[in-house]
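I have placed the structure first, in the form of structure tokens, so that the comments after it can refer back to it.
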Amino acid sequence: MGIVSGKNILITGVLTDASIAFHIARICQEEGANIVLTSHGRAMSITERIAGRLPNPPKVLELDVTNDEHLNTLADRVRPILPHLDGVVHSIGFAPTAALGGNFLNTEFADVSTAIHVSTYSYKSLTMACKPLFNSDKGASVVGLTFDATVAWSKYDWMGIAKAGLESANRYLAKYLGPENIRFNLIAAGPLATIAAKHIPDFQQFETLWNEKSPMHWDTKDPVPAALGAVALLSDFFPKTTGEIIHVDGGVHAHGG
């Protein structure tokens, strides 16, 4: 029996086998869960191919979290595959190039709006789209991914603002949906060499910076620790933990230098 045995979980953001979401999906299956993935547009074929590398290749549904039709029909499209959901993984984030790289003071609102819509507001949108599938008695666990938004990171710019909003949204969702036994928690991972990281200029500087401050060695090429944290939050091991941010960063968040 695995820690998520028998649970039904929807997972977004599987794009490569180096992503946190891929390893969440893999570990969930290894721990006994049934999963469904989402992707959209040109990424659909990539996600379907990568899904083939999982222990039991799951279905991939199209979901653009900025598309109301996709959101409004999601529950009906998931139900024939998984009749209900016990967990949801929000692994979605995007900011236009103009919103990153030290351009903070010159970024136009249209680009800021895109970053906030995709990376922040979608946490609420995805939750509400999946809510009809949650068991009214058992509730559900919603887990998102963040990058410590308590400080300003060089060149992270408006994505940092979007992550700060995500962390706040996590608390508000926990407040409003806690009475329905729906838990919301975030994994704040250290820097990882994912597809998203490639869009951050000079990302490689994070590896040196992190291991100067981290009491534990941090490997930017190892998403498994963050994935394990997410799966633990999807399990029943944290039944009364909500509105929380769990740091999986080697300890950097706890040390000033």
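FYI, nothing fancy with the structure tokens labels: chains A, B, ... in order, residues from 1 per chain, ligands from 1 as they appear.
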Task: Shell around Ser5 in chain A at 8 Å using only C-alpha atoms, local window under 3 positions removed, as number ranges by chain - done: A: 1-2, 31-33
TODO: May I have the residues within 10 Å of range 172-176 of chain A as a VMD selection string, using only C-alpha atoms and disregarding those fewer than 2 positions away in the same chain?
DONE: chain A and resid 123 to 124 127 142 166 to 170 178 to 185 241 to 244
Open item on the list: Could you list, as a list in words, every residue within 6 Å of Glu62 in chain A, counting only C-alpha atoms and ignoring same-chain residues fewer than 4 positions away?
Closed with: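 Here the qualifying residues turn out to be Thr38, Ser39 and His40 of chain A.
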Save the residues we just selected, N, CA and C atoms, as an mmCIF file, in the first residue's frame?
```
data_model
loop_
_atom_site.group_PDB
_atom_site.id
_atom_site.type_symbol
_atom_site.label_atom_id
_atom_site.label_comp_id
_atom_site.auth_asym_id
_atom_site.auth_seq_id
_atom_site.Cartn_x
_atom_site.Cartn_y
_atom_site.Cartn_z
ATOM 1 N N THR A 38 -2.845 17.068 -17.791
ATOM 2 C CA THR A 38 -3.369 18.085 -18.699
ATOM 3 C C THR A 38 -2.213 18.771 -19.412
ATOM 4 N N SER A 39 -2.525 19.288 -20.585
ATOM 5 C CA SER A 39 -1.584 20.065 -21.376
ATOM 6 C C SER A 39 -2.423 20.864 -22.355
ATOM 7 N N HIS A 40 -1.783 21.624 -23.228
ATOM 8 C CA HIS A 40 -2.598 22.333 -24.221
ATOM 9 C C HIS A 40 -1.744 22.794 -25.400
#
```
- [ ] Check range 66-241 of chain A with DSSP on the backbone and list each residue it calls strand (DSSP E or B), as a ChimeraX atom specification.
- [x] /A:85,87-90,134-135,139-146,182-189
Task: Contacts of Thr150 in chain A at 12 Å (only C-alpha atoms; same-chain gap of 4+ positions) as a list of chain:residue names - done: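 Near neighbours after the sequence-gap exclusion: A:Thr146, A:Gly160, A:Ile161, A:Ala162, A:Lys163, A:Ala164, A:Gly165, A:Leu166, A:Glu167, A:Ser168, A:Ala188, A:Ile245, A:His253, A:Ala254.
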Task: Exercise: Gly6 in chain A partners within 12 Å, only C-alpha atoms, chain neighbours under 4 positions left out, as a list in words - done: Met1, Gly2, Cys28, Gln29, Glu30, Glu31, Gly32, Ala33, Asn34, Ile35, Leu82, His84, Leu85, Asp86, Gly87, Leu234, Ser235 and Asp236 of chain A
TODO: Would you return as a ChimeraX atom specification the members of range 137-228 of chain A that DSSP assigns to alpha helix (DSSP H) on this structure's backbone?
DONE: /A:157-177,205-213,224-228
Fewer than 2 positions away in the same chain doesn't count, so skip those; otherwise give me all residues within 8 Å of Gly93 in chain A, counting only C-alpha atoms, as an mmCIF file with N, CA and C atoms, in the first residue's frame.
```cif
data_model
loop_
_atom_site.group_PDB
_atom_site.id
_atom_site.type_symbol
_atom_site.label_atom_id
_atom_site.label_comp_id
_atom_site.auth_asym_id
_atom_site.auth_seq_id
_atom_site.Cartn_x
_atom_site.Cartn_y
_atom_site.Cartn_z
ATOM 1 N N SER A 91 0.982 22.980 -11.431
ATOM 2 C CA SER A 91 2.390 23.187 -11.798
ATOM 3 C C SER A 91 2.404 24.026 -13.066
ATOM 4 N N ALA A 95 5.728 33.735 -17.672
ATOM 5 C CA ALA A 95 5.826 35.195 -17.796
ATOM 6 C C ALA A 95 6.499 35.496 -19.134
ATOM 7 N N ALA A 115 1.396 37.227 -17.002
ATOM 8 C CA ALA A 115 2.102 36.500 -15.942
ATOM 9 C C ALA A 115 1.182 36.207 -14.763
ATOM 10 N N VAL A 118 -1.758 33.572 -15.833
ATOM 11 C CA VAL A 118 -1.312 32.186 -15.987
ATOM 12 C C VAL A 118 -0.754 31.621 -14.683
ATOM 13 N N SER A 119 0.019 32.409 -13.958
ATOM 14 C CA SER A 119 0.793 31.889 -12.832
ATOM 15 C C SER A 119 0.086 32.005 -11.484
ATOM 16 N N THR A 120 -0.876 32.923 -11.375
ATOM 17 C CA THR A 120 -1.500 33.207 -10.086
ATOM 18 C C THR A 120 -2.991 32.912 -10.092
ATOM 19 N N ALA A 196 10.995 25.897 -17.515
ATOM 20 C CA ALA A 196 10.677 27.251 -17.043
ATOM 21 C C ALA A 196 11.943 28.027 -16.706
#
```
Task: 8 Å contact set for range 41-45 of chain A, only C-alpha atoms, chain neighbours under 4 positions out, as a PyMOL selection string - done: chain A and resi 15+49+60+62+64
Task: Best match for closeness to Trp218 in chain A among A:Ile11, A:Phe104, A:Trp153, A:Leu192, counting only C-alpha atoms - done: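 Using only C-alpha atoms, the shortest distance to Trp218 in chain A belongs to A:Leu192.
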Open item on the list: Can you measure CA of Leu133 in chain A to CA of Val88 in chain A for me? One decimal in Å is fine.
Closed with: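 Between CA of Leu133 in chain A and CA of Val88 in chain A the gap works out to 10.6 Å.
For the pair CA of Ala129 in chain A and CA of Ile187 in chain A, the separation is 21.5 Å.
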